[in-house]
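Raw start-v7.csv, CSV, C-alpha atoms and all ligand atoms:
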chain,number,residue,atom,x,y,z
A,1,MET,CA,19.2,-56.8,-59.1
A,2,VAL,CA,19.4,-58.5,-55.7
A,3,HIS,CA,16.1,-60.0,-54.5
A,4,GLU,CA,15.3,-60.4,-50.9
A,5,VAL,CA,15.0,-64.1,-50.0
A,6,ILE,CA,11.7,-65.0,-48.3
A,7,GLY,CA,11.9,-68.8,-48.4
A,8,GLU,CA,14.5,-71.5,-48.8
A,9,PHE,CA,14.6,-75.3,-49.3
A,10,ARG,CA,17.9,-76.9,-48.2
A,11,SER,CA,18.5,-80.4,-49.6
A,12,VAL,CA,14.9,-81.5,-49.1
A,13,THR,CA,14.1,-85.1,-49.9
A,14,LYS,CA,10.6,-86.5,-50.0
A,15,ARG,CA,9.7,-90.1,-50.8
A,16,PHE,CA,6.3,-91.7,-51.4
A,17,GLY,CA,7.1,-95.3,-50.9
A,18,ALA,CA,9.8,-96.2,-53.5
A,19,MET,CA,9.0,-93.0,-55.5
A,20,VAL,CA,11.5,-90.1,-54.8
A,21,ALA,CA,9.4,-87.0,-55.4
A,22,LEU,CA,12.0,-84.5,-54.1
A,23,ASP,CA,15.6,-85.5,-54.3
A,24,GLY,CA,17.8,-83.2,-52.3
A,25,LEU,CA,16.0,-80.1,-53.6
A,26,SER,CA,17.6,-76.8,-52.8
A,27,LEU,CA,16.0,-73.5,-53.9
A,28,LYS,CA,15.3,-69.9,-52.9
A,29,ILE,CA,12.0,-68.1,-53.0
A,30,CYS,CA,12.4,-64.4,-53.5
A,31,ARG,CA,10.3,-61.3,-52.9
A,32,GLY,CA,8.6,-60.7,-56.2
A,33,ILE,CA,7.1,-63.1,-58.7
A,34,ASN,CA,8.7,-66.6,-58.6
A,35,GLY,CA,8.1,-69.1,-61.4
A,36,LEU,CA,8.4,-72.7,-60.4
A,37,VAL,CA,8.8,-74.5,-63.7
A,38,GLY,CA,9.4,-78.0,-64.8
A,39,PRO,CA,7.8,-80.9,-66.7
A,40,ASN,CA,4.9,-82.9,-65.3
A,41,GLY,CA,6.2,-85.1,-62.4
A,42,ALA,CA,9.1,-82.8,-61.7
A,43,GLY,CA,7.9,-82.4,-58.1
A,44,LYS,CA,6.4,-78.9,-58.2
A,45,THR,CA,3.2,-79.8,-56.4
A,46,THR,CA,5.1,-81.8,-53.8
A,47,ALA,CA,7.4,-78.8,-53.2
A,48,ILE,CA,4.4,-76.5,-52.8
A,49,ARG,CA,2.6,-78.9,-50.4
A,50,LEU,CA,5.8,-79.3,-48.4
A,51,SER,CA,6.2,-75.5,-48.1
A,52,LEU,CA,2.7,-75.3,-46.6
A,53,GLY,CA,3.4,-77.9,-44.0
A,54,LEU,CA,1.0,-80.4,-45.5
A,55,ILE,CA,3.7,-83.0,-45.8
A,56,LYS,CA,6.8,-83.6,-43.8
A,57,PRO,CA,10.3,-83.7,-45.4
A,58,ASP,CA,12.2,-87.0,-45.0
A,59,LYS,CA,15.4,-85.1,-45.0
A,60,GLY,CA,16.5,-81.5,-45.2
A,61,LYS,CA,14.8,-78.3,-44.2
A,62,ALA,CA,12.3,-76.0,-45.8
A,63,GLU,CA,11.6,-72.4,-44.5
A,64,LEU,CA,9.2,-69.6,-45.4
A,65,PHE,CA,9.6,-66.2,-43.7
A,66,ALA,CA,12.2,-67.9,-41.4
A,67,PHE,CA,9.5,-70.3,-40.1
A,68,ASP,CA,10.0,-74.0,-40.4
A,69,CYS,CA,7.5,-75.2,-43.0
A,70,TRP,CA,6.6,-78.4,-41.0
A,71,ARG,CA,6.8,-77.2,-37.4
A,72,ASP,CA,5.5,-73.7,-37.9
A,73,SER,CA,3.0,-74.3,-40.6
A,74,CYS,CA,0.2,-72.4,-38.8
A,75,ALA,CA,2.3,-69.2,-38.8
A,76,ILE,CA,3.0,-69.8,-42.5
A,77,ARG,CA,-0.5,-70.4,-43.5
A,78,ARG,CA,-1.6,-67.1,-41.9
A,79,ARG,CA,0.8,-65.2,-44.2
A,80,VAL,CA,0.2,-67.2,-47.3
A,81,GLY,CA,-2.7,-67.6,-49.8
A,82,VAL,CA,-3.0,-70.7,-51.9
A,83,LEU,CA,-4.6,-71.9,-55.0
A,84,TYR,CA,-4.3,-75.7,-55.1
A,85,GLU,CA,-3.8,-77.7,-58.3
A,86,LYS,CA,-7.1,-79.5,-57.8
A,87,LEU,CA,-9.8,-76.9,-57.0
A,88,ALA,CA,-12.3,-78.0,-54.3
A,89,PHE,CA,-15.3,-75.8,-53.6
A,90,TYR,CA,-18.7,-76.2,-52.0
A,91,ASP,CA,-20.6,-76.4,-55.2
A,92,ASN,CA,-23.9,-75.6,-53.5
A,93,LEU,CA,-22.6,-72.3,-52.2
A,94,SER,CA,-22.5,-69.1,-54.3
A,95,GLY,CA,-19.1,-67.6,-55.0
A,96,LEU,CA,-19.7,-64.9,-52.4
A,97,GLU,CA,-20.7,-67.5,-49.8
A,98,GLN,CA,-17.6,-69.6,-50.5
A,99,LEU,CA,-15.3,-66.6,-50.0
A,100,LYS,CA,-17.2,-65.6,-46.8
A,101,LEU,CA,-16.8,-69.1,-45.4
A,102,MET,CA,-13.1,-69.3,-46.3
A,103,ALA,CA,-12.4,-65.9,-44.8
A,104,LYS,CA,-14.0,-67.0,-41.5
A,105,LEU,CA,-11.9,-70.2,-41.5
A,106,LYS,CA,-8.8,-68.3,-42.2
A,107,GLY,CA,-9.7,-65.7,-39.6
A,108,VAL,CA,-9.4,-62.7,-41.9
A,109,SER,CA,-11.9,-59.9,-42.7
A,110,ASP,CA,-15.1,-61.2,-44.3
A,111,SER,CA,-16.6,-57.8,-44.9
A,112,LEU,CA,-19.0,-57.9,-47.9
A,113,VAL,CA,-17.4,-54.8,-49.5
A,114,GLU,CA,-13.9,-56.4,-49.4
A,115,LEU,CA,-15.2,-59.8,-50.7
A,116,LYS,CA,-17.0,-58.1,-53.6
A,117,GLU,CA,-13.9,-56.1,-54.3
A,118,LEU,CA,-11.9,-59.3,-54.6
A,119,LEU,CA,-14.5,-60.8,-57.0
A,120,ARG,CA,-14.4,-57.7,-59.1
A,121,LEU,CA,-10.6,-57.9,-59.2
A,122,VAL,CA,-10.8,-61.4,-60.7
A,123,GLU,CA,-13.6,-60.3,-63.0
A,124,LEU,CA,-16.4,-62.3,-61.6
A,125,ASP,CA,-19.4,-60.1,-62.3
A,126,GLU,CA,-22.2,-59.2,-59.9
A,127,PHE,CA,-24.4,-61.9,-61.6
A,128,ALA,CA,-21.9,-64.6,-60.6
A,129,HIS,CA,-21.6,-63.5,-57.0
A,130,ASP,CA,-24.8,-65.1,-56.0
A,131,ARG,CA,-24.9,-68.0,-58.4
A,132,ARG,CA,-24.1,-71.6,-57.3
A,133,ILE,CA,-20.5,-72.5,-57.9
A,134,GLY,CA,-21.7,-75.8,-59.4
A,135,GLY,CA,-22.9,-73.8,-62.4
A,136,TYR,CA,-19.6,-71.9,-62.9
A,137,SER,CA,-17.4,-72.6,-66.0
A,138,ALA,CA,-13.8,-73.9,-65.5
A,139,GLY,CA,-12.5,-70.3,-66.0
A,140,MET,CA,-14.9,-68.9,-63.4
A,141,ARG,CA,-13.9,-71.6,-60.9
A,142,GLN,CA,-10.2,-70.8,-61.5
A,143,ARG,CA,-10.8,-67.1,-61.0
A,144,LEU,CA,-12.8,-67.8,-57.8
A,145,GLY,CA,-9.9,-69.9,-56.6
A,146,ILE,CA,-7.5,-67.0,-57.2
A,147,ALA,CA,-9.9,-64.6,-55.3
A,148,GLN,CA,-9.8,-67.2,-52.5
A,149,ALA,CA,-6.0,-67.2,-52.5
A,150,LEU,CA,-6.0,-63.5,-52.1
A,151,LEU,CA,-8.2,-63.4,-49.0
A,152,GLY,CA,-6.7,-61.4,-46.2
A,153,ASP,CA,-4.1,-59.7,-48.4
A,154,PRO,CA,-1.4,-62.3,-47.9
A,155,GLU,CA,2.3,-61.5,-48.3
A,156,LEU,CA,2.9,-64.5,-50.5
A,157,VAL,CA,0.4,-66.1,-52.8
A,158,ILE,CA,1.2,-69.7,-54.0
A,159,LEU,CA,-0.6,-70.7,-57.2
A,160,ASP,CA,-0.2,-74.3,-58.4
A,161,GLU,CA,-0.9,-74.3,-62.2
A,162,PRO,CA,-3.2,-71.3,-62.0
A,163,THR,CA,-3.7,-71.1,-65.8
A,164,SER,CA,-3.9,-74.8,-66.7
A,165,ASN,CA,-7.7,-74.8,-67.2
A,166,LEU,CA,-7.8,-71.5,-69.0
A,167,ASP,CA,-8.0,-70.4,-72.6
A,168,PRO,CA,-5.2,-68.1,-73.9
A,169,LEU,CA,-7.2,-64.9,-73.3
A,170,ASN,CA,-8.0,-65.8,-69.7
A,171,ARG,CA,-4.4,-67.0,-69.1
A,172,ALA,CA,-3.2,-63.6,-70.1
A,173,LYS,CA,-5.7,-61.9,-67.8
A,174,VAL,CA,-4.6,-64.0,-64.8
A,175,LEU,CA,-1.0,-63.1,-65.5
A,176,GLU,CA,-1.9,-59.4,-65.8
A,177,LEU,CA,-3.6,-59.6,-62.5
A,178,ILE,CA,-0.6,-61.2,-60.8
A,179,ALA,CA,1.7,-58.5,-62.2
A,180,PHE,CA,-0.8,-55.8,-61.1
A,181,LEU,CA,-1.0,-57.1,-57.5
A,182,ASN,CA,2.7,-57.4,-57.3
A,183,LYS,CA,3.1,-53.8,-58.4
A,184,GLU,CA,0.3,-52.2,-56.4
A,185,LYS,CA,0.3,-54.3,-53.2
A,186,ASN,CA,3.9,-55.7,-53.3
A,187,THR,CA,2.4,-59.2,-53.0
A,188,SER,CA,4.9,-61.9,-53.8
A,189,PHE,CA,3.9,-65.0,-55.8
A,190,LEU,CA,5.1,-68.5,-56.3
A,191,ILE,CA,3.5,-69.8,-59.5
A,192,SER,CA,4.0,-73.3,-60.7
A,193,SER,CA,3.5,-74.0,-64.3
A,194,HIS,CA,4.6,-76.4,-67.1
A,195,ILE,CA,3.5,-73.8,-69.6
A,196,LEU,CA,6.6,-71.7,-69.8
A,197,PRO,CA,6.4,-68.8,-72.3
A,198,GLU,CA,3.6,-67.1,-70.4
A,199,LEU,CA,5.7,-66.9,-67.2
A,200,GLU,CA,8.6,-65.4,-69.1
A,201,ARG,CA,6.9,-62.0,-69.1
A,202,VAL,CA,5.9,-61.8,-65.4
A,203,CYS,CA,8.5,-63.6,-63.3
A,204,SER,CA,11.5,-62.0,-61.7
A,205,ASN,CA,12.9,-65.3,-60.4
A,206,PHE,CA,12.8,-68.7,-62.1
A,207,ILE,CA,13.2,-72.0,-60.3
A,208,LEU,CA,13.6,-74.8,-62.9
A,209,MET,CA,13.0,-78.3,-61.5
A,210,HIS,CA,13.4,-81.7,-63.0
A,211,LYS,CA,13.1,-85.1,-61.3
A,212,GLY,CA,12.8,-83.6,-57.9
A,213,LYS,CA,15.9,-81.6,-58.2
A,214,LEU,CA,16.8,-77.9,-58.9
A,215,LEU,CA,18.3,-77.6,-62.4
A,216,ARG,CA,18.8,-73.9,-62.4
A,217,GLN,CA,17.6,-70.8,-60.6
A,218,GLY,CA,17.7,-67.1,-61.3
A,219,THR,CA,16.5,-64.2,-63.4
A,220,ILE,CA,15.4,-64.7,-67.0
A,221,GLY,CA,18.8,-63.3,-67.9
A,222,GLN,CA,20.6,-65.9,-65.8
A,223,MET,CA,18.5,-68.6,-67.4
A,224,PHE,CA,19.9,-67.6,-70.8
A,225,ASP,CA,23.5,-66.9,-69.8
A,226,LYS,CA,24.1,-70.5,-69.0
A,227,SER,CA,21.8,-71.8,-71.7
A,228,ALA,CA,23.3,-74.7,-73.5
A,229,THR,CA,22.3,-73.7,-77.0
A,230,VAL,CA,21.6,-70.6,-79.1
A,231,SER,CA,20.2,-70.5,-82.6
A,232,PHE,CA,21.5,-68.3,-85.5
A,233,ILE,CA,20.3,-67.6,-89.0
A,234,VAL,CA,23.2,-67.2,-91.4
A,235,LYS,CA,22.7,-65.9,-94.9
A,236,VAL,CA,25.7,-66.9,-97.0
A,237,GLN,CA,26.4,-67.5,-100.7
A,238,PRO,CA,26.9,-70.3,-101.6
A,239,VAL,CA,25.1,-72.0,-98.8
A,240,GLU,CA,26.3,-75.5,-99.6
A,241,SER,CA,30.0,-75.0,-99.0
A,242,VAL,CA,29.6,-73.3,-95.7
A,243,PHE,CA,27.1,-75.9,-94.6
A,244,ALA,CA,29.6,-78.6,-95.3
A,245,LEU,CA,32.2,-76.9,-93.1
A,246,LEU,CA,29.9,-76.1,-90.2
A,247,LYS,CA,28.6,-79.6,-90.3
A,248,VAL,CA,31.8,-80.9,-88.8
A,249,GLU,CA,32.4,-78.1,-86.2
A,250,GLU,CA,32.2,-79.6,-82.8
A,251,TYR,CA,30.1,-76.8,-81.2
A,252,VAL,CA,27.4,-77.1,-83.8
A,253,GLU,CA,24.5,-79.0,-82.3
A,254,ASP,CA,22.0,-78.7,-85.2
A,255,LEU,CA,22.3,-77.5,-88.8
A,256,SER,CA,19.7,-77.1,-91.5
A,257,VAL,CA,18.9,-75.0,-94.6
A,258,VAL,CA,15.7,-73.1,-94.6
A,259,ASN,CA,14.8,-70.6,-97.4
A,260,ASP,CA,18.4,-70.5,-98.6
A,261,SER,CA,19.6,-69.5,-95.1
A,262,LEU,CA,21.6,-71.7,-92.7
A,263,HIS,CA,19.9,-72.4,-89.3
A,264,VAL,CA,22.6,-73.1,-86.9
A,265,VAL,CA,22.2,-74.2,-83.2
A,266,VAL,CA,25.4,-73.9,-81.3
A,267,CYS,CA,26.4,-74.7,-77.7
A,268,ASP,CA,29.3,-72.2,-77.6
A,269,VAL,CA,28.5,-68.8,-79.0
A,270,GLY,CA,32.0,-67.4,-78.5
A,271,LEU,CA,33.6,-70.1,-80.5
A,272,PHE,CA,31.0,-69.9,-83.2
A,273,LYS,CA,31.5,-66.2,-83.7
A,274,GLN,CA,35.2,-66.7,-83.8
A,275,ARG,CA,35.1,-69.6,-86.3
A,276,LEU,CA,32.4,-68.4,-88.7
A,277,PRO,CA,34.4,-65.7,-90.5
A,278,LEU,CA,37.3,-68.1,-90.9
A,279,LEU,CA,35.1,-70.8,-92.4
A,280,ILE,CA,33.5,-68.3,-94.7
A,281,SER,CA,36.8,-67.0,-96.0
A,282,GLN,CA,38.1,-70.6,-96.4
A,283,VAL,CA,35.6,-71.2,-99.2
A,284,ASN,CA,35.5,-67.7,-100.5
A,285,ALA,CA,31.8,-67.4,-99.6
A,286,SER,CA,30.1,-64.0,-99.0
A,287,LEU,CA,28.2,-63.3,-95.9
A,288,ASP,CA,25.0,-61.3,-96.1
A,289,GLU,CA,23.6,-61.5,-92.6
A,290,VAL,CA,24.0,-63.2,-89.2
A,291,LYS,CA,21.0,-63.1,-86.9
A,292,MET,CA,20.8,-64.5,-83.4
A,293,VAL,CA,17.4,-66.0,-82.7
A,294,LYS,CA,16.4,-65.1,-79.2
A,295,SER,CA,16.0,-68.4,-77.5
A,296,ASP,CA,12.9,-68.3,-75.4
A,297,LEU,CA,12.4,-70.0,-72.1
A,298,GLU,CA,10.9,-73.0,-73.7
A,299,THR,CA,14.1,-73.6,-75.6
A,300,VAL,CA,16.2,-73.1,-72.5
A,301,PHE,CA,13.9,-75.4,-70.7
A,302,LYS,CA,14.1,-78.2,-73.3
A,303,SER,CA,17.9,-78.0,-73.6
A,304,VAL,CA,18.5,-78.0,-69.8
A,305,VAL,CA,16.2,-80.9,-69.3
A,306,LYS,CA,17.8,-82.8,-72.1
A,307,GLU,CA,21.3,-82.1,-70.7
A,308,ASP,CA,20.1,-83.6,-67.4
B,1,LIG,N1,0.9,-88.7,-52.6
B,1,LIG,C1,1.7,-89.3,-53.5
B,1,LIG,N2,1.9,-90.6,-53.5
B,1,LIG,C2,2.7,-91.2,-54.3
B,1,LIG,N3,3.4,-90.5,-55.3
B,1,LIG,C3,3.3,-89.2,-55.4
B,1,LIG,C4,2.4,-88.5,-54.5
B,1,LIG,N4,2.5,-87.2,-54.7
B,1,LIG,C5,3.3,-87.1,-55.8
B,1,LIG,N5,3.8,-88.3,-56.2
B,1,LIG,C6,4.8,-88.5,-57.3
B,1,LIG,O1,5.8,-87.7,-57.1
B,1,LIG,C7,6.3,-87.1,-58.3
B,1,LIG,C8,6.2,-85.6,-58.3
B,1,LIG,O2,4.8,-85.3,-58.4
B,1,LIG,P1,4.3,-83.8,-58.4
B,1,LIG,O3,4.9,-83.1,-57.2
B,1,LIG,O4,2.8,-83.8,-58.4
B,1,LIG,O5,4.9,-83.2,-59.7
B,1,LIG,P2,4.5,-81.9,-60.6
B,1,LIG,O6,3.6,-81.1,-59.8
B,1,LIG,O7,5.8,-81.2,-60.9
B,1,LIG,O8,3.8,-82.5,-61.8
B,1,LIG,C9,5.4,-87.8,-59.4
B,1,LIG,O9,6.1,-88.9,-59.9
B,1,LIG,C10,4.2,-88.2,-58.6
B,1,LIG,O10,3.6,-89.4,-59.2
B,2,MG,MG,1.7,-80.4,-60.1

Using the file provided, produce a representation of the structure as structure tokens.
Amino acid sequence: MVHEVIGEFRSVTKRFGAMVALDGLSLKICRGINGLVGPNGAGKTTAIRLSLGLIKPDKGKAELFAFDCWRDSCAIRRRVGVLYEKLAFYDNLSGLEQLKLMAKLKGVSDSLVELKELLRLVELDEFAHDRRIGGYSAGMRQRLGIAQALLGDPELVILDEPTSNLDPLNRAKVLELIAFLNKEKNTSFLISSHILPELERVCSNFILMHKGKLLRQGTIGQMFDKSATVSFIVKVQPVESVFALLKVEEYVEDLSVVNDSLHVVVCDVGLFKQRLPLLISQVNASLDEVKMVKSDLETVFKSVVKED
């Protein structure tokens, strides 16, 4: 499936003193749900701040909706909703008052009906609407932040670590909401996270960053295609003789015996499939089962980061 590109970074470099936060970063943001993933310090927040025109690139160019992120940041901010990594609210205001204020500042509708509808969407109940934000739990603050990012029905919503303060149940709810908004309103998202498995289910485009650079970009399928390693469980008798042969095969990255089965991690699936029957017949072993263990995004992530 080809996704329409709505934003692009071309060789963007950003330094903070001697620290190179973005190092010739090139990436594409597509219509749909984009997952910006990478370990802490990869440069995700810097990339997000740069896309909003909050910081200026030292080199290269960043565009959103064909606007230059630095020069045309006002045009961009009208079309984009944001949840920053560090939430900042007026703690003395109620949730409803906070939204009303932010709607006014952004110049979008502050009708009570619409604001209440937003709060309902993020499951902040009537009771919470008029309570001081200072008394909200971390989860409630996060959900209020998401409601705030959705003010004015933006075309793109940027969420920097939207689930980091949430328990698993609330994390799942936030992701459900994102998928729902994308389906119902065609809202696009750029979600940064260092927690990968949860994004696997909702994102149509992944942007994997490490040390200020793009490591890989594409659909979940494309992340796997080029994945460095795949795991297999092989049931053979006798285990020991096949183990000894596999141990010295150059494409085998890791090998262990668990519950009388071989656990094999390989970096070349084709070669492994070709060689395994030969090795088995060499020692007259019998093969009961070969199972590929679906490598999840976490595994891909770790192997790619390790490669780098
Ligand atoms: N304002 C800043 N001043 C100095 N260093 C910064 C600043 N912002 C980010 N950095 C550094 O740039 C790198 C990337 O940070 P960041 O973009 O926050 O990564 P991530 O969001 O992926 O965790 C980190 O090493 C961080 O310490
Ligand atoms: Mg960050």

Collect all residues with atoms no farther than 7 Å from ligand MG 2 (chain B), counting only C-alpha atoms and all ligand atoms, and output them as a JSON list (two decimals) with C-alpha atoms, keeping the file's coordinate frame.
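Dumped to out-v4.json:
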[["chain", "number", "residue", "atom", "x", "y", "z"],
["A", 40, "ASN", "CA", 4.90, -82.90, -65.30],
["A", 41, "GLY", "CA", 6.20, -85.10, -62.40],
["A", 43, "GLY", "CA", 7.90, -82.40, -58.10],
["A", 44, "LYS", "CA", 6.40, -78.90, -58.20],
["A", 45, "THR", "CA", 3.20, -79.80, -56.40],
["A", 85, "GLU", "CA", -3.80, -77.70, -58.30],
["A", 160, "ASP", "CA", -0.20, -74.30, -58.40],
["A", 161, "GLU", "CA", -0.90, -74.30, -62.20]]

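The space between atom C3 of ligand LIG 1 (chain B) and CA of Val20 in chain A spans 8.3 Å.
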
Can you tell me, as a CSV table (one decimal) with C-alpha atoms, in the frame of the given file, what residues are no more than 9 Å from Ile48 in chain A when counting all atoms listed in the file, ignoring any on the same chain fewer than 2 positions away?
chain,number,residue,atom,x,y,z
A,43,GLY,CA,7.9,-82.4,-58.1
A,44,LYS,CA,6.4,-78.9,-58.2
A,45,THR,CA,3.2,-79.8,-56.4
A,46,THR,CA,5.1,-81.8,-53.8
A,50,LEU,CA,5.8,-79.3,-48.4
A,51,SER,CA,6.2,-75.5,-48.1
A,52,LEU,CA,2.7,-75.3,-46.6
A,53,GLY,CA,3.4,-77.9,-44.0
A,54,LEU,CA,1.0,-80.4,-45.5
A,158,ILE,CA,1.2,-69.7,-54.0
A,159,LEU,CA,-0.6,-70.7,-57.2
A,160,ASP,CA,-0.2,-74.3,-58.4
A,190,LEU,CA,5.1,-68.5,-56.3
A,192,SER,CA,4.0,-73.3,-60.7

Option closest in space to ligand LIG 1 (chain B), from A:Ser193, A:Ser111, A:Gln274, A:Asn170 [counting all atoms listed in the file]: A:Ser193

All residues 8 Å or closer to range 144-149 of chain A, only C-alpha atoms, same chain fewer than 5 positions away omitted, as a ChimeraX atom specification: /A:81-83,87,95,99,102,118-119,121-122,124,157-159,162

Suppose you want the space between CA of Asp68 in chain A and CA of Gly212 in chain A; what is it in Å? 20.2 Å
